[in-house]
Amino acid sequence: MSDLKSAEISIWKESFDASSFSAIGFILELVYTLLLVKVLPQQSVGVFFFYLAIVFLIIQISKGIGIAVRKHVSSISKERTQSKYFWSGVCLLFPILAIIMVCLFSISMFFDSHLPINITFNGFLSILFASLGISIMELGRLQLAGSGEPGKAEKHRVLIGKTSMLLLTTLLLLYPSAELAISLRGLGFAVSGFVMINLSPHMLIKPDKKSVLDVLRFSKWSIPTNLLNDFYHRWDTLLLGIMVGAISISYYDSSVRIATIGFPLMIGISSAANVKLSGLYESNQDFETVFSKILTVSPLFAYPFLIVFFFSGEYILSVIFGPEYIPAAMMLFLLSIQQVFQSFRLQFEALFNSIDSPKETTKTSGVSVLVNVATAPILVLEFGAIGVLYSTLLSEAIRLVLYEYQSYSKLNTIFINKAILLQPILIIILSVCIKIVSNLYSLTPKTLFPISLLSIIVFYILLYFTSTQIRHIFTEIKQELI
């Protein structure tokens with residue numbers, strides 16, 4: 001047994017709690033996007049997502065510092081010392097954000113009227129307000145998670161943050177604008193941030209030089225890793241805004257909100273893994289076995305929806321957003337493939353952060369970004385807006401190979417096991433069967449929708465009865481949850 005609370009948390013219970021609330025968050029985010037699409041003109045929807053991409057890129061600074069705080073908080077038990085690390089993060093965060101905002105204002109003025117989408121002064125103010133609000137949320141969330149409550153952190157992020165965001169966004173019915181939508185999003189998350197800070201160790205203590213330097217040393221890798229990862233995700237939106245226009249962004253980002261249906265499971269597991277693996281590592285307990293199970297379970301909810309989006313993407317988009325979004329069907333399918341890769345990326349980041357090797361994630365993210373930045377413009381010129389996703393999938397495949405290589409180099413372990421390999425094989429078999437039936441009976445996307453949903457159940461049944469590893473993991477999950 002370990003004195004660290006983080007080492008003793010139930011990985012599956014905390015994952016289940018975090019995933020459940022992430023799933024609620026997914027639904028709220030989808031409703032939120034639907035509200036935006038219905039209230040704002042399609043051009044304004046594109047502007048909103050362009051501004052939001054900038055906000056998400058900025059708050060990776062906050063998230064990087066928060067990850068450093070979480071790591072140190074999860075490695076100690078004394079609440080006084082945990083609070084010291086929290087205030088060290090605060091001392092680092094806000095001066096850096098101020099510098100970033102000055103740079104953004106200067107850049108936006110320099111490029112004024114030279115791009116298809118420009119940052120107006122009101123747009124800049126809304127980006128500033130949203131960045132501050134979400135930064136408060138990220139710091140509070142990661143502090144609470146590091147203190148041994150990753151499930152509770154996700155609960156308050158969703159139930160308070162996203163619910164507040166959604167309720168406030170109804171004000172767009174009175175004053176519809178992309179700038180107000182961004183500002184209200186930041187305000188909603190700021191509310192949840194203050195609540196989570198209040199629930200976590202936060203006694204007012206002056207941080208010492210050591211705690212500030214500890215956070216800074218870890219942040220020098222976690223910040224660039226998060227910046228690289230988010231730039232990598234936002235690069236598609238930014239590039240479409242620069243090279244194609246706002247309508248293509250509305251297709252892309254609306255599709256993302258549907259494609260991320262598997263994200264709640266992977267983000268919930270990642271939230272618990274960052275804390276659990278860190279505690280096991282710090283107390284010299286076996287973490288490789290736990291990580292192998294985590295990696296096996298993480299993509300389980302993303303894989304079967306590949307079939308649904310491939311065969312019924314047009315139908316889903318037309319029902320949710322309207323017939324004008326049908327051209328985004330291929331984007332939806334390719335984005336769902338990206339989510340499978342993301343399920344592995346999140347867990348490998350949790351692994352390397354937990355074993356005090358954030359440098360590995362920075363190096364891997366750097367390579368992925370370079371590949372994406374180099375190939376995306378070329379592929380957009382060749383294939384149009386869909387080219388950004390061809391580039392993204394190439395970068396994701398390279399990232400996964402690099403993570404496996406780093407795992408073998410550092411831990412002498414290959415984490416891709418039979419249960420992981422079996423999952424895409426079953427998806428391919430089921431897809432071929434549905435395709436044969438579709439060709440024989442000339443089925444439409446609408447008719448294929450219930451068939452593709454049924455294939456999800458078939459996938460899980462086949463996986464359970466063909467994989468001993470999956471059955472053992474499910475038994476373990478059942479024992480922890482019941």
# chains A, B, ... in the order shown; residues from 1 in each chain; ligands from 1
>>> residues_around(residues="range 191-198 of chain A", least_positions_apart="2", cutoff="6 Å", atoms="only C-alpha atoms", output="count of residues only")
9
>>> residues_around(residues="Leu174 in chain A", least_positions_apart="6", cutoff="12 Å", atoms="only C-alpha atoms", output="ChimeraX atom specification")
/A:39-40,168,180-181
>>> residues_around(residues="range 207-221 of chain A", least_positions_apart="4", cutoff="7 Å", atoms="only C-alpha atoms", output="VMD selection string")
chain A and resid 64 to 65 68 to 69 84 to 85 87 to 89 225 358 to 359 362
>>> closest_residue(among="A:Ala130, A:Ile107, A:Val73, A:Ile294", to="Phe56 in chain A", atoms="only C-alpha atoms")
A:Ala130
>>> select_by_dssp(residues="range 146-248 of chain A", states="helix (DSSP H, G or I)", output="MDAnalysis selection string")
chainID A and resid 146 150:173 178:199 209:243 246:248
>>> write_last_selection(atoms="C-alpha atoms", output="short mmCIF file (atom, residue, chain, number, x, y, z; two decimals), in the first residue's frame")
data_model
loop_
_atom_site.label_atom_id
_atom_site.label_comp_id
_atom_site.auth_asym_id
_atom_site.auth_seq_id
_atom_site.Cartn_x
_atom_site.Cartn_y
_atom_site.Cartn_z
CA GLY A 146 -4.21 16.03 -8.92
CA PRO A 150 -10.25 13.31 -11.32
CA GLY A 151 -13.86 12.13 -11.51
CA LYS A 152 -15.12 15.03 -9.41
CA ALA A 153 -13.07 17.46 -11.52
CA GLU A 154 -14.70 16.24 -14.73
CA LYS A 155 -18.12 16.32 -13.04
CA HIS A 156 -17.85 19.99 -12.14
CA ARG A 157 -16.27 20.91 -15.48
CA VAL A 158 -19.32 19.49 -17.23
CA LEU A 159 -22.26 19.99 -14.89
CA ILE A 160 -21.32 23.52 -13.90
CA GLY A 161 -19.08 24.71 -16.74
CA LYS A 162 -20.88 23.39 -19.80
CA THR A 163 -24.35 23.82 -18.34
CA SER A 164 -23.58 27.46 -17.46
CA MET A 165 -22.09 27.95 -20.93
CA LEU A 166 -25.20 26.53 -22.61
CA LEU A 167 -27.64 28.54 -20.51
CA LEU A 168 -25.74 31.77 -21.04
CA THR A 169 -25.53 31.13 -24.78
CA THR A 170 -29.32 31.38 -25.04
CA LEU A 171 -28.71 35.14 -24.82
CA LEU A 172 -27.67 34.85 -28.48
CA LEU A 173 -31.38 34.68 -29.24
CA ALA A 178 -19.88 35.33 -32.83
CA GLU A 179 -18.14 37.68 -30.38
CA LEU A 180 -20.86 37.39 -27.74
CA ALA A 181 -20.90 33.59 -28.17
CA ILE A 182 -17.16 33.39 -27.43
CA SER A 183 -17.45 35.65 -24.38
CA LEU A 184 -20.36 33.70 -22.90
CA ARG A 185 -18.44 30.45 -23.32
CA GLY A 186 -15.57 31.87 -21.26
CA LEU A 187 -17.92 33.14 -18.56
CA GLY A 188 -19.62 29.76 -18.19
CA PHE A 189 -16.34 27.93 -17.70
CA ALA A 190 -14.99 30.58 -15.31
CA VAL A 191 -17.89 29.80 -12.96
CA SER A 192 -16.92 26.11 -12.82
CA GLY A 193 -13.24 27.04 -12.39
CA PHE A 194 -13.90 29.04 -9.23
CA VAL A 195 -16.02 26.20 -7.83
CA MET A 196 -13.26 23.63 -8.45
CA ILE A 197 -10.58 25.87 -6.96
CA ASN A 198 -12.74 26.16 -3.85
CA LEU A 199 -13.07 22.34 -3.63
CA LYS A 209 11.24 29.54 -5.13
CA LYS A 210 11.46 25.73 -5.19
CA SER A 211 7.75 25.16 -5.92
CA VAL A 212 7.74 27.80 -8.66
CA LEU A 213 10.84 26.25 -10.26
CA ASP A 214 9.34 22.75 -9.97
CA VAL A 215 6.24 23.86 -11.85
CA LEU A 216 8.36 25.79 -14.35
CA ARG A 217 10.64 22.81 -15.08
CA PHE A 218 7.71 20.55 -15.85
CA SER A 219 5.87 23.33 -17.71
CA LYS A 220 8.77 23.89 -20.08
CA TRP A 221 7.73 20.57 -21.63
CA SER A 222 3.99 20.37 -20.86
CA ILE A 223 3.30 23.86 -22.29
CA PRO A 224 4.97 23.26 -25.67
CA THR A 225 3.41 19.79 -25.84
CA ASN A 226 -0.06 21.24 -25.35
CA LEU A 227 0.63 24.12 -27.72
CA LEU A 228 1.87 21.72 -30.36
CA ASN A 229 -1.06 19.36 -29.89
CA ASP A 230 -3.64 22.10 -29.96
CA PHE A 231 -2.01 23.90 -32.87
CA TYR A 232 -2.05 20.53 -34.58
CA HIS A 233 -5.82 20.27 -34.03
CA ARG A 234 -6.59 23.95 -34.70
CA TRP A 235 -4.27 24.09 -37.69
CA ASP A 236 -6.99 22.49 -39.81
CA THR A 237 -9.49 25.19 -38.82
CA LEU A 238 -6.97 28.00 -39.19
CA LEU A 239 -5.78 26.71 -42.57
CA LEU A 240 -9.33 26.39 -43.87
CA GLY A 241 -9.99 29.96 -42.73
CA ILE A 242 -6.88 31.19 -44.52
CA MET A 243 -7.10 29.11 -47.72
CA ALA A 246 -15.75 30.35 -43.33
CA ILE A 247 -18.21 27.87 -44.90
CA SER A 248 -15.60 25.09 -44.94
#
>>> closest_residue(among="A:Ser177, A:Gln406, A:Thr466, A:Ser298", to="Gly268 in chain A", atoms="only C-alpha atoms")
A:Ser298
>>> closest_residue(among="A:Leu277, A:Ile414, A:Leu334, A:Val319", to="Leu402 in chain A", atoms="only C-alpha atoms")
A:Ile414
>>> closest_residue(among="A:Asn353, A:Phe309, A:Pro424, A:Gly387", to="Phe341 in chain A", atoms="only C-alpha atoms")
A:Pro424
>>> closest_residue(among="A:Ser19, A:Ser368, A:Leu139, A:Val290", to="Gln60 in chain A", atoms="only C-alpha atoms")
A:Leu139
>>> residues_around(residues="Ile316 in chain A", least_positions_apart="6", cutoff="9 Å", atoms="only C-alpha atoms", output="list in words")
Ile258, Phe309, Ile326, Ala329, Pro445, Lys446 and Phe449 of chain A
>>> decode(residues="range 261-291 of chain A", atoms="N, CA and C atoms", output="compact mmCIF listing (two decimals), in the first residue's frame")
# COMPACT_ATOMS: atom_id res chain seq x y z
N ILE A 261 -17.83 11.52 -30.55
CA ILE A 261 -18.73 10.75 -29.69
C ILE A 261 -17.96 9.75 -28.82
N GLY A 262 -16.79 9.30 -29.29
CA GLY A 262 -15.98 8.38 -28.49
C GLY A 262 -15.05 9.08 -27.52
N PHE A 263 -15.03 10.42 -27.57
CA PHE A 263 -14.08 11.18 -26.76
C PHE A 263 -14.34 11.07 -25.26
N PRO A 264 -15.61 11.00 -24.80
CA PRO A 264 -15.82 10.92 -23.35
C PRO A 264 -15.09 9.76 -22.69
N LEU A 265 -15.08 8.57 -23.31
CA LEU A 265 -14.40 7.43 -22.72
C LEU A 265 -12.91 7.66 -22.65
N MET A 266 -12.33 8.09 -23.75
CA MET A 266 -10.88 8.24 -23.78
C MET A 266 -10.40 9.37 -22.87
N ILE A 267 -11.17 10.46 -22.79
CA ILE A 267 -10.76 11.58 -21.93
C ILE A 267 -10.97 11.22 -20.47
N GLY A 268 -12.03 10.44 -20.18
CA GLY A 268 -12.26 10.01 -18.81
C GLY A 268 -11.17 9.09 -18.32
N ILE A 269 -10.76 8.13 -19.16
CA ILE A 269 -9.67 7.23 -18.81
C ILE A 269 -8.37 8.00 -18.66
N SER A 270 -8.13 8.94 -19.56
CA SER A 270 -6.90 9.74 -19.48
C SER A 270 -6.83 10.55 -18.20
N SER A 271 -7.96 11.13 -17.79
CA SER A 271 -7.99 11.93 -16.56
C SER A 271 -7.59 11.09 -15.36
N ALA A 272 -8.13 9.86 -15.28
CA ALA A 272 -7.79 8.97 -14.17
C ALA A 272 -6.37 8.43 -14.31
N ALA A 273 -5.95 8.14 -15.55
CA ALA A 273 -4.63 7.56 -15.79
C ALA A 273 -3.51 8.51 -15.37
N ASN A 274 -3.67 9.80 -15.66
CA ASN A 274 -2.64 10.78 -15.29
C ASN A 274 -2.37 10.77 -13.79
N VAL A 275 -3.41 10.55 -13.02
CA VAL A 275 -3.26 10.56 -11.56
C VAL A 275 -2.80 9.20 -11.05
N LYS A 276 -3.46 8.13 -11.50
CA LYS A 276 -3.15 6.78 -11.04
C LYS A 276 -1.73 6.36 -11.41
N LEU A 277 -1.34 6.54 -12.66
CA LEU A 277 0.00 6.13 -13.10
C LEU A 277 1.09 6.91 -12.38
N SER A 278 0.83 8.19 -12.15
CA SER A 278 1.81 9.01 -11.42
C SER A 278 2.00 8.48 -10.00
N GLY A 279 0.89 8.16 -9.34
CA GLY A 279 0.98 7.62 -7.98
C GLY A 279 1.70 6.29 -7.93
N LEU A 280 1.41 5.40 -8.90
CA LEU A 280 2.09 4.10 -8.96
C LEU A 280 3.58 4.27 -9.21
N TYR A 281 3.92 5.17 -10.12
CA TYR A 281 5.33 5.41 -10.45
C TYR A 281 6.09 5.98 -9.25
N GLU A 282 5.49 6.97 -8.59
CA GLU A 282 6.16 7.61 -7.46
C GLU A 282 6.32 6.66 -6.27
N SER A 283 5.43 5.66 -6.16
CA SER A 283 5.52 4.71 -5.05
C SER A 283 6.16 3.38 -5.48
N ASN A 284 6.81 3.40 -6.68
CA ASN A 284 7.56 2.24 -7.19
C ASN A 284 6.70 0.98 -7.32
N GLN A 285 5.47 1.14 -7.79
CA GLN A 285 4.59 0.01 -8.05
C GLN A 285 4.46 -0.21 -9.56
N ASP A 286 3.96 -1.37 -9.95
CA ASP A 286 3.81 -1.73 -11.35
C ASP A 286 2.78 -0.83 -12.03
N PHE A 287 3.22 -0.08 -13.02
CA PHE A 287 2.31 0.77 -13.77
C PHE A 287 2.16 0.30 -15.21
N GLU A 288 3.10 -0.52 -15.71
CA GLU A 288 3.03 -0.98 -17.10
C GLU A 288 1.80 -1.83 -17.36
N THR A 289 1.47 -2.73 -16.44
CA THR A 289 0.30 -3.59 -16.62
C THR A 289 -0.98 -2.77 -16.65
N VAL A 290 -1.07 -1.81 -15.73
CA VAL A 290 -2.24 -0.93 -15.70
C VAL A 290 -2.35 -0.14 -16.99
N PHE A 291 -1.22 0.36 -17.48
CA PHE A 291 -1.26 1.15 -18.70
C PHE A 291 -1.68 0.32 -19.90
